[in-house]
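Content type compact mmCIF, C-alpha atoms, from the file start-v1.txt:
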# COMPACT_ATOMS: atom_id res chain seq x y z
CA MET A 15 -30.80 3.44 -30.05
CA SER A 16 -32.15 6.40 -32.00
CA LEU A 17 -31.31 9.95 -30.98
CA ALA A 18 -33.76 11.42 -28.50
CA GLN A 19 -35.41 14.74 -29.35
CA TYR A 20 -33.42 16.44 -26.58
CA GLY A 21 -30.11 15.03 -27.86
CA ALA A 22 -27.55 16.98 -29.87
CA ASP A 23 -28.28 16.52 -33.58
CA PRO A 24 -25.12 17.00 -35.69
CA LEU A 25 -27.30 18.25 -38.56
CA HIS A 26 -28.32 21.19 -36.37
CA SER A 27 -24.95 22.06 -34.85
CA ARG A 28 -24.29 25.71 -34.06
CA GLY A 29 -21.28 25.39 -36.31
CA ARG A 30 -17.57 26.06 -36.12
CA ARG A 31 -15.51 29.20 -35.62
CA HIS A 32 -14.35 28.90 -39.22
CA ALA A 33 -16.83 27.66 -41.81
CA GLU A 34 -15.99 24.36 -43.47
CA PRO A 35 -17.76 22.12 -45.98
CA ALA A 36 -19.87 19.45 -44.30
CA PRO A 37 -18.02 16.17 -43.75
CA THR A 38 -18.72 13.15 -45.91
CA ALA A 39 -19.16 9.61 -44.55
CA ARG A 40 -19.23 10.87 -40.94
CA THR A 41 -21.07 13.44 -38.82
CA GLU A 42 -19.81 16.76 -37.50
CA PHE A 43 -19.27 15.25 -34.05
CA GLN A 44 -17.44 12.24 -35.45
CA ARG A 45 -15.13 14.65 -37.22
CA ASP A 46 -14.53 16.43 -33.89
CA ARG A 47 -13.68 13.13 -32.21
CA ASP A 48 -11.30 12.17 -35.00
CA ARG A 49 -9.52 15.52 -34.89
CA VAL A 50 -9.02 15.19 -31.14
CA ILE A 51 -7.61 11.66 -31.45
CA HIS A 52 -5.18 12.72 -34.20
CA SER A 53 -3.97 15.80 -32.32
CA ALA A 54 -0.48 16.07 -30.82
CA ALA A 55 -1.97 17.16 -27.50
CA PHE A 56 -3.94 13.91 -27.28
CA ARG A 57 -0.87 11.79 -27.94
CA ARG A 58 1.05 13.61 -25.21
CA LEU A 59 -1.53 12.56 -22.63
CA VAL A 60 0.05 9.11 -22.52
CA TYR A 61 3.01 10.61 -20.62
CA LYS A 62 1.05 12.95 -18.35
CA THR A 63 0.31 12.12 -14.74
CA GLN A 64 -3.11 11.24 -13.39
CA VAL A 65 -2.06 10.74 -9.75
CA PHE A 66 1.20 8.80 -10.02
CA VAL A 67 4.14 10.25 -11.94
CA ASN A 68 4.72 8.47 -15.22
CA HIS A 69 7.95 6.69 -14.25
CA GLU A 70 6.44 5.16 -11.08
CA GLY A 71 4.90 2.20 -12.90
CA ASP A 72 3.46 1.10 -16.22
CA LEU A 73 0.08 0.01 -14.81
CA PHE A 74 -0.98 3.31 -13.26
CA ARG A 75 -3.44 5.55 -15.07
CA THR A 76 -2.21 8.36 -17.24
CA ARG A 77 -4.23 11.25 -18.63
CA LEU A 78 -4.64 9.24 -21.82
CA THR A 79 -5.98 6.06 -20.23
CA HIS A 80 -8.19 8.18 -17.98
CA SER A 81 -9.65 10.00 -20.98
CA LEU A 82 -10.37 6.70 -22.73
CA GLU A 83 -12.13 5.39 -19.64
CA VAL A 84 -14.22 8.56 -19.37
CA ALA A 85 -15.21 8.19 -23.02
CA GLN A 86 -16.24 4.56 -22.52
CA ILE A 87 -18.44 5.42 -19.54
CA ALA A 88 -19.93 8.43 -21.32
CA ARG A 89 -20.79 6.42 -24.45
CA THR A 90 -22.53 3.75 -22.38
CA ILE A 91 -24.74 6.26 -20.57
CA ALA A 92 -25.38 8.29 -23.74
CA ARG A 93 -26.66 5.16 -25.46
CA ASN A 94 -28.91 4.38 -22.49
CA LEU A 95 -30.42 7.88 -22.63
CA GLY A 96 -30.66 8.34 -26.39
CA LEU A 97 -28.03 11.07 -26.35
CA ASN A 98 -25.40 11.60 -29.02
CA GLU A 99 -22.63 9.07 -28.35
CA ASP A 100 -20.15 10.69 -30.72
CA LEU A 101 -20.46 14.11 -29.08
CA SER A 102 -20.17 12.57 -25.60
CA GLU A 103 -17.04 10.76 -26.74
CA ALA A 104 -15.47 13.81 -28.39
CA ILE A 105 -15.91 15.91 -25.24
CA SER A 106 -14.59 13.12 -23.02
CA LEU A 107 -11.48 12.61 -25.11
CA ALA A 108 -10.74 16.34 -25.25
CA HIS A 109 -11.50 17.37 -21.68
CA ASP A 110 -7.92 17.01 -20.37
CA LEU A 111 -5.95 18.19 -23.41
CA GLY A 112 -4.82 21.31 -21.54
CA HIS A 113 -3.66 19.55 -18.41
CA THR A 114 -0.13 20.25 -17.22
CA PRO A 115 2.52 17.62 -16.50
CA PHE A 116 2.40 16.20 -12.98
CA GLY A 117 -1.38 16.35 -12.63
CA HIS A 118 -3.03 18.77 -10.24
CA ALA A 119 0.31 19.60 -8.65
CA GLY A 120 1.47 20.97 -11.98
CA GLN A 121 -1.69 23.00 -12.43
CA GLU A 122 -1.33 24.55 -8.97
CA ALA A 123 2.30 25.44 -9.65
CA LEU A 124 1.55 27.00 -13.03
CA ASN A 125 -1.42 28.89 -11.61
CA GLN A 126 0.84 30.41 -8.97
CA CYS A 127 3.39 31.36 -11.62
CA MET A 128 0.64 33.04 -13.66
CA ALA A 129 -1.00 34.77 -10.70
CA ASP A 130 -0.11 38.24 -12.02
CA HIS A 131 -1.06 37.33 -15.59
CA GLY A 132 -4.61 36.03 -15.33
CA GLY A 133 -3.83 32.69 -13.67
CA PHE A 134 -3.85 29.24 -15.22
CA GLU A 135 -6.69 26.71 -15.27
CA HIS A 136 -6.44 23.47 -17.21
CA ASN A 137 -10.08 23.59 -18.29
CA LEU A 138 -9.56 26.90 -20.08
CA GLN A 139 -6.26 25.60 -21.40
CA SER A 140 -8.01 22.60 -22.97
CA LEU A 141 -10.21 25.01 -24.91
CA ARG A 142 -7.16 27.06 -25.84
CA VAL A 143 -5.45 23.92 -27.17
CA VAL A 144 -8.32 23.06 -29.52
CA ASP A 145 -8.97 26.70 -30.49
CA GLU A 146 -5.43 28.03 -30.92
CA LEU A 147 -2.44 25.88 -30.02
CA GLU A 148 -2.89 22.87 -32.28
CA ASP A 149 -1.39 24.15 -35.51
CA LYS A 150 -1.66 21.68 -38.37
CA TYR A 151 -4.38 22.91 -40.72
CA ALA A 152 -3.88 25.29 -43.64
CA ASP A 153 -7.12 27.25 -43.24
CA PHE A 154 -7.31 27.87 -39.50
CA ARG A 155 -5.52 27.60 -36.18
CA GLY A 156 -6.55 24.96 -33.70
CA LEU A 157 -8.83 22.04 -34.50
CA ASN A 158 -11.86 24.17 -35.39
CA LEU A 159 -14.22 21.96 -33.39
CA SER A 160 -17.98 22.39 -33.32
CA PHE A 161 -19.64 24.68 -30.80
CA GLU A 162 -21.17 21.68 -29.03
CA THR A 163 -17.82 20.01 -28.39
CA ARG A 164 -16.22 23.27 -27.31
CA GLU A 165 -18.98 24.07 -24.83
CA GLY A 166 -18.54 20.62 -23.32
CA ILE A 167 -14.79 21.07 -22.91
CA LEU A 168 -15.39 24.29 -20.97
CA LYS A 169 -16.85 22.79 -17.80
CA HIS A 170 -16.43 25.85 -15.59
CA CYS A 171 -15.29 29.41 -16.10
CA SER A 172 -15.20 32.73 -14.23
CA ARG A 173 -17.38 35.56 -15.50
CA ARG A 174 -14.23 37.55 -16.21
CA ASN A 175 -12.91 34.87 -18.54
CA ALA A 176 -16.34 34.06 -19.96
CA LYS A 177 -16.66 37.59 -21.31
CA LYS A 178 -13.60 36.99 -23.48
CA LEU A 179 -14.82 33.73 -24.98
CA GLY A 180 -17.80 34.82 -27.05
CA ASP A 181 -20.60 32.31 -27.67
CA VAL A 182 -19.00 29.43 -25.81
CA GLY A 183 -18.69 31.54 -22.64
CA GLN A 184 -22.19 33.01 -22.74
CA ARG A 185 -23.82 30.36 -20.54
CA PHE A 186 -21.59 31.38 -17.64
CA LEU A 187 -22.99 34.91 -17.95
CA ASP A 188 -26.67 34.01 -18.29
CA ARG A 189 -26.40 30.99 -15.95
CA SER A 190 -27.72 28.41 -18.39
CA PHE A 191 -26.42 24.89 -18.91
CA PRO A 192 -24.60 23.07 -21.70
CA SER A 193 -26.04 20.15 -23.67
CA ALA A 194 -26.97 16.93 -21.90
CA GLU A 195 -23.96 15.32 -23.60
CA ALA A 196 -21.64 17.88 -22.03
CA GLN A 197 -23.22 17.39 -18.61
CA LEU A 198 -22.87 13.65 -19.04
CA ALA A 199 -19.17 13.83 -19.96
CA ASN A 200 -18.54 15.88 -16.82
CA LEU A 201 -20.08 13.24 -14.54
CA ALA A 202 -18.48 10.37 -16.45
CA ASP A 203 -15.20 12.08 -15.56
CA VAL A 204 -16.17 11.97 -11.87
CA ILE A 205 -17.09 8.28 -12.06
CA ALA A 206 -13.86 7.41 -13.83
CA TYR A 207 -11.36 9.29 -11.70
CA ASN A 208 -12.92 8.36 -8.34
CA ASN A 209 -12.98 4.65 -9.06
CA HIS A 210 -9.71 4.44 -10.93
CA ASP A 211 -7.88 6.43 -8.29
CA VAL A 212 -9.19 3.88 -5.80
CA ASP A 213 -7.78 1.14 -8.04
CA ASP A 214 -4.38 2.81 -8.43
CA GLY A 215 -4.22 3.75 -4.76
CA LEU A 216 -4.87 0.17 -3.65
CA ARG A 217 -2.40 -1.24 -6.19
CA ALA A 218 0.28 1.19 -5.01
CA GLY A 219 -0.31 0.30 -1.36
CA LEU A 220 -1.24 3.88 -0.47
CA LEU A 221 -4.84 2.94 0.33
CA SER A 222 -6.26 0.00 2.25
CA PHE A 223 -9.64 -1.70 2.16
CA GLU A 224 -10.07 -0.62 5.78
CA GLN A 225 -9.52 3.06 4.97
CA LEU A 226 -11.87 2.94 2.02
CA SER A 227 -14.61 1.33 4.11
CA ALA A 228 -15.18 4.77 5.63
CA SER A 229 -16.94 5.44 2.31
CA ARG A 230 -20.51 4.11 2.37
CA LEU A 231 -20.42 3.24 -1.33
CA PHE A 232 -17.18 1.29 -1.04
CA ALA A 233 -18.17 -0.38 2.24
CA ARG A 234 -21.52 -1.57 0.88
CA VAL A 235 -20.10 -3.01 -2.34
CA HIS A 236 -17.08 -4.50 -0.57
CA ALA A 237 -19.35 -6.31 1.89
CA GLU A 238 -21.46 -7.64 -0.98
CA VAL A 239 -18.43 -9.00 -2.86
CA ALA A 240 -16.74 -10.42 0.25
CA GLY A 241 -19.99 -12.13 1.27
CA ARG A 242 -20.47 -13.69 -2.15
CA TYR A 243 -16.88 -14.82 -2.78
CA ALA A 244 -15.01 -16.18 0.23
CA ASP A 245 -11.54 -16.82 -1.19
CA LEU A 246 -10.76 -14.00 -3.61
CA GLN A 247 -7.20 -12.82 -4.08
CA PRO A 248 -6.71 -9.11 -3.26
CA LYS A 249 -6.36 -8.28 -6.97
CA GLN A 250 -9.67 -9.99 -7.77
CA LEU A 251 -11.39 -8.41 -4.78
CA ARG A 252 -10.20 -4.97 -5.84
CA HIS A 253 -11.42 -5.44 -9.38
CA GLU A 254 -14.81 -6.88 -8.39
CA VAL A 255 -15.51 -4.02 -5.99
CA ILE A 256 -14.48 -1.28 -8.41
CA ARG A 257 -16.42 -2.61 -11.38
CA ARG A 258 -19.54 -2.92 -9.23
CA MET A 259 -19.14 0.62 -7.91
CA ILE A 260 -18.85 1.94 -11.47
CA ASN A 261 -21.94 -0.04 -12.44
CA GLU A 262 -23.96 1.32 -9.50
CA LEU A 263 -22.98 4.88 -10.35
CA VAL A 264 -23.75 4.44 -14.04
CA LEU A 265 -27.17 2.90 -13.36
CA ASP A 266 -28.08 5.54 -10.78
CA LEU A 267 -27.03 8.38 -13.09
CA THR A 268 -29.01 6.86 -15.96
CA GLU A 269 -32.22 6.39 -13.96
CA GLN A 270 -32.08 9.75 -12.18
CA THR A 271 -31.45 11.56 -15.47
CA ARG A 272 -34.41 9.77 -17.05
CA ARG A 273 -36.58 11.02 -14.19
CA ASN A 274 -35.20 14.53 -14.55
CA ILE A 275 -35.89 14.59 -18.28
CA ALA A 276 -39.43 13.32 -17.75
CA ASP A 277 -40.07 15.92 -15.03
CA SER A 278 -38.68 18.73 -17.17
CA LYS A 279 -40.70 17.66 -20.24
CA ALA A 280 -37.74 18.81 -22.34
CA THR A 281 -38.23 18.29 -26.06
CA SER A 282 -35.09 19.94 -27.41
CA ILE A 283 -31.45 20.61 -26.64
CA ASP A 284 -32.27 24.27 -26.03
CA GLU A 285 -34.80 23.30 -23.35
CA ILE A 286 -32.07 21.20 -21.71
CA ARG A 287 -29.86 24.29 -21.71
CA GLN A 288 -32.57 26.48 -20.18
CA ALA A 289 -33.63 24.05 -17.43
CA GLN A 290 -33.69 25.21 -13.83
CA LEU A 291 -31.14 22.59 -12.75
CA PRO A 292 -28.64 20.33 -14.53
CA ILE A 293 -30.63 17.59 -16.25
CA VAL A 294 -27.91 14.93 -15.93
CA ALA A 295 -27.41 14.07 -12.27
CA PHE A 296 -27.04 11.37 -9.66
CA SER A 297 -29.86 10.76 -7.21
CA GLU A 298 -29.34 12.72 -4.01
CA PRO A 299 -28.19 9.67 -1.96
CA MET A 300 -25.77 8.54 -4.66
CA GLY A 301 -24.48 12.06 -5.19
CA GLU A 302 -23.68 12.26 -1.49
CA GLN A 303 -21.89 8.91 -1.54
CA SER A 304 -19.87 9.86 -4.63
CA HIS A 305 -18.81 13.10 -2.96
CA GLU A 306 -17.96 11.21 0.22
CA LEU A 307 -15.64 8.90 -1.71
CA GLN A 308 -14.03 11.88 -3.41
CA GLN A 309 -13.35 13.54 -0.05
CA LEU A 310 -11.85 10.33 1.31
CA LEU A 311 -9.50 10.12 -1.65
CA ARG A 312 -8.49 13.74 -1.14
CA SER A 313 -7.51 13.12 2.49
CA CYS A 314 -6.04 9.61 2.25
CA LEU A 315 -4.54 9.43 -1.26
CA TYR A 316 -3.89 12.88 -2.69
CA ARG A 317 -2.35 14.01 0.62
CA HIS A 318 -0.42 10.81 1.24
CA PRO A 319 3.25 11.60 2.02
CA ARG A 320 4.47 9.77 -1.09
CA VAL A 321 2.11 11.72 -3.33
CA MET A 322 2.92 14.99 -1.54
CA ARG A 323 6.66 14.42 -2.04
CA ASN A 324 6.09 14.20 -5.77
CA THR A 325 3.81 17.23 -5.56
CA LEU A 326 6.63 19.29 -4.04
CA LYS A 327 9.06 18.06 -6.70
CA ALA A 328 6.58 18.88 -9.47
CA GLN A 329 6.00 22.37 -8.14
CA LYS A 330 9.75 22.99 -7.93
CA VAL A 331 10.34 21.76 -11.48
CA LEU A 332 7.55 23.79 -13.07
CA SER A 333 8.08 26.98 -11.08
CA GLU A 334 11.81 27.01 -11.89
CA LEU A 335 11.16 26.24 -15.55
CA PHE A 336 8.69 29.13 -15.66
CA ALA A 337 11.18 31.52 -14.04
CA ALA A 338 14.00 30.48 -16.37
CA PHE A 339 12.01 30.75 -19.60
CA SER A 340 10.42 34.03 -18.50
CA ALA A 341 13.85 35.52 -17.84
CA HIS A 342 15.31 34.05 -21.03
CA PRO A 343 12.54 33.67 -23.64
CA ASP A 344 15.25 33.11 -26.24
CA LEU A 345 15.48 29.58 -24.78
CA LEU A 346 11.95 28.81 -25.97
CA PRO A 347 11.36 26.91 -29.22
CA GLU A 348 10.87 29.18 -32.22
CA SER A 349 7.08 28.91 -32.37
CA PHE A 350 6.78 29.93 -28.73
CA ARG A 351 9.24 32.79 -29.21
CA ARG A 352 6.91 34.12 -31.91
CA ALA A 353 3.96 33.66 -29.59
CA ALA A 354 5.79 35.57 -26.85
CA GLU A 355 6.12 38.54 -29.18
CA GLN A 356 2.41 38.48 -29.98
CA GLU A 357 0.79 37.50 -26.66
CA GLY A 358 3.49 38.24 -24.10
CA VAL A 359 6.17 36.11 -22.54
CA PRO A 360 4.17 34.75 -19.55
CA ARG A 361 1.38 33.33 -21.72
CA ALA A 362 3.82 31.78 -24.19
CA VAL A 363 5.84 30.21 -21.38
CA ALA A 364 2.68 28.85 -19.73
CA ASP A 365 1.56 27.34 -23.04
CA TYR A 366 4.95 25.71 -23.54
CA ILE A 367 5.13 24.24 -20.05
CA ALA A 368 1.49 23.09 -20.01
CA GLY A 369 2.10 21.12 -23.19
CA MET A 370 5.03 19.20 -21.72
CA THR A 371 4.81 15.57 -20.67
CA ASP A 372 6.13 14.56 -17.25
CA ARG A 373 9.36 13.14 -18.61
CA PHE A 374 9.96 16.02 -21.02
CA ALA A 375 9.57 18.52 -18.16
CA ILE A 376 12.10 16.56 -16.09
CA ASP A 377 14.51 16.37 -19.04
CA GLU A 378 14.12 20.09 -19.75
CA TYR A 379 14.75 20.88 -16.09
CA GLU A 380 17.94 18.83 -16.13
CA ARG A 381 19.11 20.42 -19.38
CA LEU A 382 18.68 23.87 -17.86
CA PHE A 383 20.01 23.29 -14.35
CA ASP A 384 22.27 20.24 -14.33
CA PRO A 385 25.80 21.38 -15.27
CA ARG A 386 26.56 17.84 -16.49
CA ARG A 387 23.89 18.13 -19.19
CA LEU A 388 24.58 20.15 -22.34

Kindly present the structure from the file in structure tokens form.
Amino acid sequence: MSLAQYGADPLHSRGRRHAEPAPTARTEFQRDRDRVIHSAAFRRLVYKTQVFVNHEGDLFRTRLTHSLEVAQIARTIARNLGLNEDLSEAISLAHDLGHTPFGHAGQEALNQCMADHGGFEHNLQSLRVVDELEDKYADFRGLNLSFETREGILKHCSRRNAKKLGDVGQRFLDRSFPSAEAQLANLADVIAYNNHDVDDGLRAGLLSFEQLSASRLFARVHAEVAGRYADLQPKQLRHEVIRRMINELVLDLTEQTRRNIADSKATSIDEIRQAQLPIVAFSEPMGEQSHELQQLLRSCLYRHPRVMRNTLKAQKVLSELFAAFSAHPDLLPESFRRAAEQEGVPRAVADYIAGMTDRFAIDEYERLFDPRRL
């Protein structure tokens, strides 16, 4: 499908922080995607928690598999709408690069540790990773991604932080919106993590079909599948329900966004940015059902005793690592010791810990606090 007039054209990108020659044999957004995939931060996502800690089982989602699933959903919808698939994919693959080990529990712990130093938010950290922390190129720090990819990575931001970020933070000050591709990647993230957390929760035995039937979306699709197939095994039933829920959400988002674009009469990416409301959206009924499912997961899965036990462990590990490295920055690797001298110890320690995988954080904790480890 050809690029719609309101899609992000790589030939008219707002550019990069550091000027580079135009790429050959690929577009600017393809180059962004490739740089993300080849980054160390992307590789580390394979050992970072989504909901279940990495060692709990090989079949549970990690940040890496989640990011791949977000990218797949985003590309599908982008193609349906005539948006730029490569930009949607680049944003999707990069959106969790700054996430801590141990999922949201790790973020909460690190945010508490950084409370007196500006706090910690994984969304801002993802931008920091691609702008500063990846250090492999001779001519610049970071990955030097295009403005369009960077604005998509930064999904939300306080005005205080936005003022420090220059062009990519400006929309949070003037209350405009990012590109349709960025909006799409954000909602593809919602579709992916809701449905795949349902999948992992059922597989782990922490959720039941009965609990999930309190969600109108799940109950409707479950009844449809159960009525059509009488003798499905639980694994098949789970898969059939989840894939149909994803399909319903994708189709609804596609059709509602088409209506929104037609109503807005947008003819350019800048008109998408200046619209009165986000152009990429679910219909109101589907938006309510998606939110309802998200709330059910929050109460039944994310607060399940087994998950909360790991949350407490994660918070203990990260908070004690932060305290130890802050008190003894000489224990940091050399590159982070240099960063501590330039940007302060708390920021350097937060960067170091945020970049850890689950298992590396556990190993580092044991090396520091287990007298049997040297």

(request) Please provide the set of residues having any atom within 8 Å of A:Leu107, restricted to all atoms listed in the file, with same-chain residues fewer than 2 positions apart removed, written as JSON, numbers by chain. (result) {"A": [47, 50, 51, 56, 81, 82, 84, 85, 103, 104, 105, 109, 110]}

(request) Could you please determine the separation between atom CA of A:Glu254 and atom CA of A:Tyr61 in Å, to one decimal place? (result) 27.8 Å

(request) Can you pull out every residue within 10 Å of stretch 356-364 of chain A, counting all atoms listed in the file, but drop anything in the same chain fewer than 4 positions away, and send it as a ChimeraX atom specification? (result) /A:114,124-125,127-128,130-134,139,332,335-343,346,349-352,368-369

(request) For each of A:Gly183, A:Gly219, A:Pro292, A:Pro347, take the minimum atom-to-atom distance to A:Leu141, counting only C-alpha atoms, then give the residue where this is smallest. (result)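 Smallest separation from A:Leu141 among the options: A:Gly183.
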
(request) Identify which of the residues A:Pro248, A:Pro319, A:Pro115, A:Gly241 lies closest to A:Val60, counting only C-alpha atoms when measuring atom-to-atom distances. (result) A:Pro115

Show me a table, sorted first by chain and then by increasing residue number, of the residues of stretch 251-336 of chain A having an atom at most 12 Å from stretch 370-388 of chain A, each with its shortest atom pair and the distance in Å to one decimal, counting all atoms listed in the file and written as CSV.
residue,atom,partner,partner_atom,distance
A:Asn324,CA,A:Asp372,CA,11.5
A:Lys327,CA,A:Ile376,CA,10.0
A:Ala328,CA,A:Asp372,CA,8.9
A:Gln329,CA,A:Ala375,CA,11.3
A:Lys330,CA,A:Tyr379,CA,9.8
A:Val331,CA,A:Tyr379,CA,6.4
A:Leu332,CA,A:Ala375,CA,7.6
A:Ser333,CA,A:Tyr379,CA,10.3
A:Glu334,CA,A:Tyr379,CA,8.0
A:Leu335,CA,A:Tyr379,CA,6.5
A:Phe336,CA,A:Tyr379,CA,10.2

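Residue nearest A:Asn98, chosen from A:Arg75, A:Gln303, A:Ala244, A:Ala18 and counting all atoms listed in the file: A:Ala18.
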
(request) Just the residues within 8 Å of stretch 257-268 of chain A, please, counting all atoms listed in the file, with nothing from its chain fewer than 6 positions along; format it as a ChimeraX atom specification. (result) /A:87,91,94-95,205-206,209,231-232,235,294-297,300

Return the padded bounding box of stretch 348-363 of chain A as lines of an AutoDock Vina configuration file: axis-aligned, built from all atoms listed in the file, 3 Å added on each side, with centre and edge lengths in Å to one decimal.
center_x = 5.8
center_y = 33.7
center_z = -26.0
size_x = 16.1
size_y = 15.6
size_z = 18.8

(request) Just the residues within 12 Å of A:Leu101, please, counting only C-alpha atoms, with nothing from its chain fewer than 3 positions along; format it as a PyMOL selection string. (result) chain A and resi 17+21-24+27+41-48+50+85+88-89+92-93+97-98+104-108+159-167+193-199

(request) For each of A:Ala129, A:Ile283, A:Leu201, A:Ala240, take the minimum atom-to-atom distance to A:His305, counting only C-alpha atoms, then give the residue where this is smallest. (result)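 Selected residue with least distance to A:His305: A:Leu201.
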
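Comparing the minimum interatomic distances between A:Leu311 and each of A:His253, A:Arg272, A:His210, A:Lys279, counting all atoms listed in the file, we find that A:His210 sits nearest.
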
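Counting all atoms listed in the file and comparing A:Ser102, A:His32, A:Thr90, A:Gly120, the residue that lies closest to A:Lys62 is A:Gly120.
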
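The coordinates place atom CA of A:His318 at 7.2 Å from atom CA of A:Leu220.
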
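Pairwise distance (atom CA of A:Gly112, atom CA of A:Asp214) equals 22.7 Å.
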
(request) Please provide the set of residues having any atom within 10 Å of A:Ser222, restricted to only C-alpha atoms, with same-chain residues fewer than 5 positions apart removed, written as a ChimeraX atom specification. (result) /A:212,215-217,227,314

What does the file look like for those residues with C-alpha atoms, as a short mmCIF file (atom, residue, chain, number, x, y, z; two decimals), in the coordinates of the input?
data_model
loop_
_atom_site.label_atom_id
_atom_site.label_comp_id
_atom_site.auth_asym_id
_atom_site.auth_seq_id
_atom_site.Cartn_x
_atom_site.Cartn_y
_atom_site.Cartn_z
CA VAL A 212 -9.19 3.88 -5.80
CA GLY A 215 -4.22 3.75 -4.76
CA LEU A 216 -4.87 0.17 -3.65
CA ARG A 217 -2.40 -1.24 -6.19
CA SER A 227 -14.61 1.33 4.11
CA CYS A 314 -6.04 9.61 2.25
#

Output stretch 257-271 of chain A as a compact mmCIF listing (two decimals), in the coordinates of the input, making sure N, CA and C atoms are there.
# COMPACT_ATOMS: atom_id res chain seq x y z
N ARG A 257 -15.50 -2.52 -10.24
CA ARG A 257 -16.42 -2.61 -11.38
C ARG A 257 -17.87 -2.52 -10.94
N ARG A 258 -18.17 -3.03 -9.74
CA ARG A 258 -19.54 -2.92 -9.23
C ARG A 258 -19.87 -1.48 -8.81
N MET A 259 -18.89 -0.79 -8.25
CA MET A 259 -19.14 0.62 -7.91
C MET A 259 -19.42 1.44 -9.16
N ILE A 260 -18.61 1.22 -10.21
CA ILE A 260 -18.85 1.94 -11.47
C ILE A 260 -20.24 1.62 -11.99
N ASN A 261 -20.62 0.35 -11.94
CA ASN A 261 -21.94 -0.04 -12.44
C ASN A 261 -23.05 0.63 -11.65
N GLU A 262 -22.93 0.67 -10.32
CA GLU A 262 -23.96 1.32 -9.50
C GLU A 262 -24.09 2.80 -9.86
N LEU A 263 -22.96 3.46 -10.02
CA LEU A 263 -22.98 4.88 -10.35
C LEU A 263 -23.58 5.13 -11.73
N VAL A 264 -23.22 4.29 -12.69
CA VAL A 264 -23.75 4.44 -14.04
C VAL A 264 -25.26 4.23 -14.05
N LEU A 265 -25.74 3.18 -13.38
CA LEU A 265 -27.17 2.90 -13.36
C LEU A 265 -27.94 4.00 -12.64
N ASP A 266 -27.40 4.47 -11.52
CA ASP A 266 -28.08 5.54 -10.78
C ASP A 266 -28.16 6.81 -11.63
N LEU A 267 -27.05 7.17 -12.26
CA LEU A 267 -27.03 8.38 -13.09
C LEU A 267 -28.03 8.26 -14.24
N THR A 268 -28.09 7.08 -14.85
CA THR A 268 -29.01 6.86 -15.96
C THR A 268 -30.46 7.03 -15.51
N GLU A 269 -30.82 6.36 -14.41
CA GLU A 269 -32.22 6.39 -13.96
C GLU A 269 -32.62 7.77 -13.45
N GLN A 270 -31.74 8.43 -12.69
CA GLN A 270 -32.08 9.75 -12.18
C GLN A 270 -32.22 10.75 -13.33
N THR A 271 -31.37 10.64 -14.33
CA THR A 271 -31.45 11.56 -15.47
C THR A 271 -32.73 11.32 -16.25
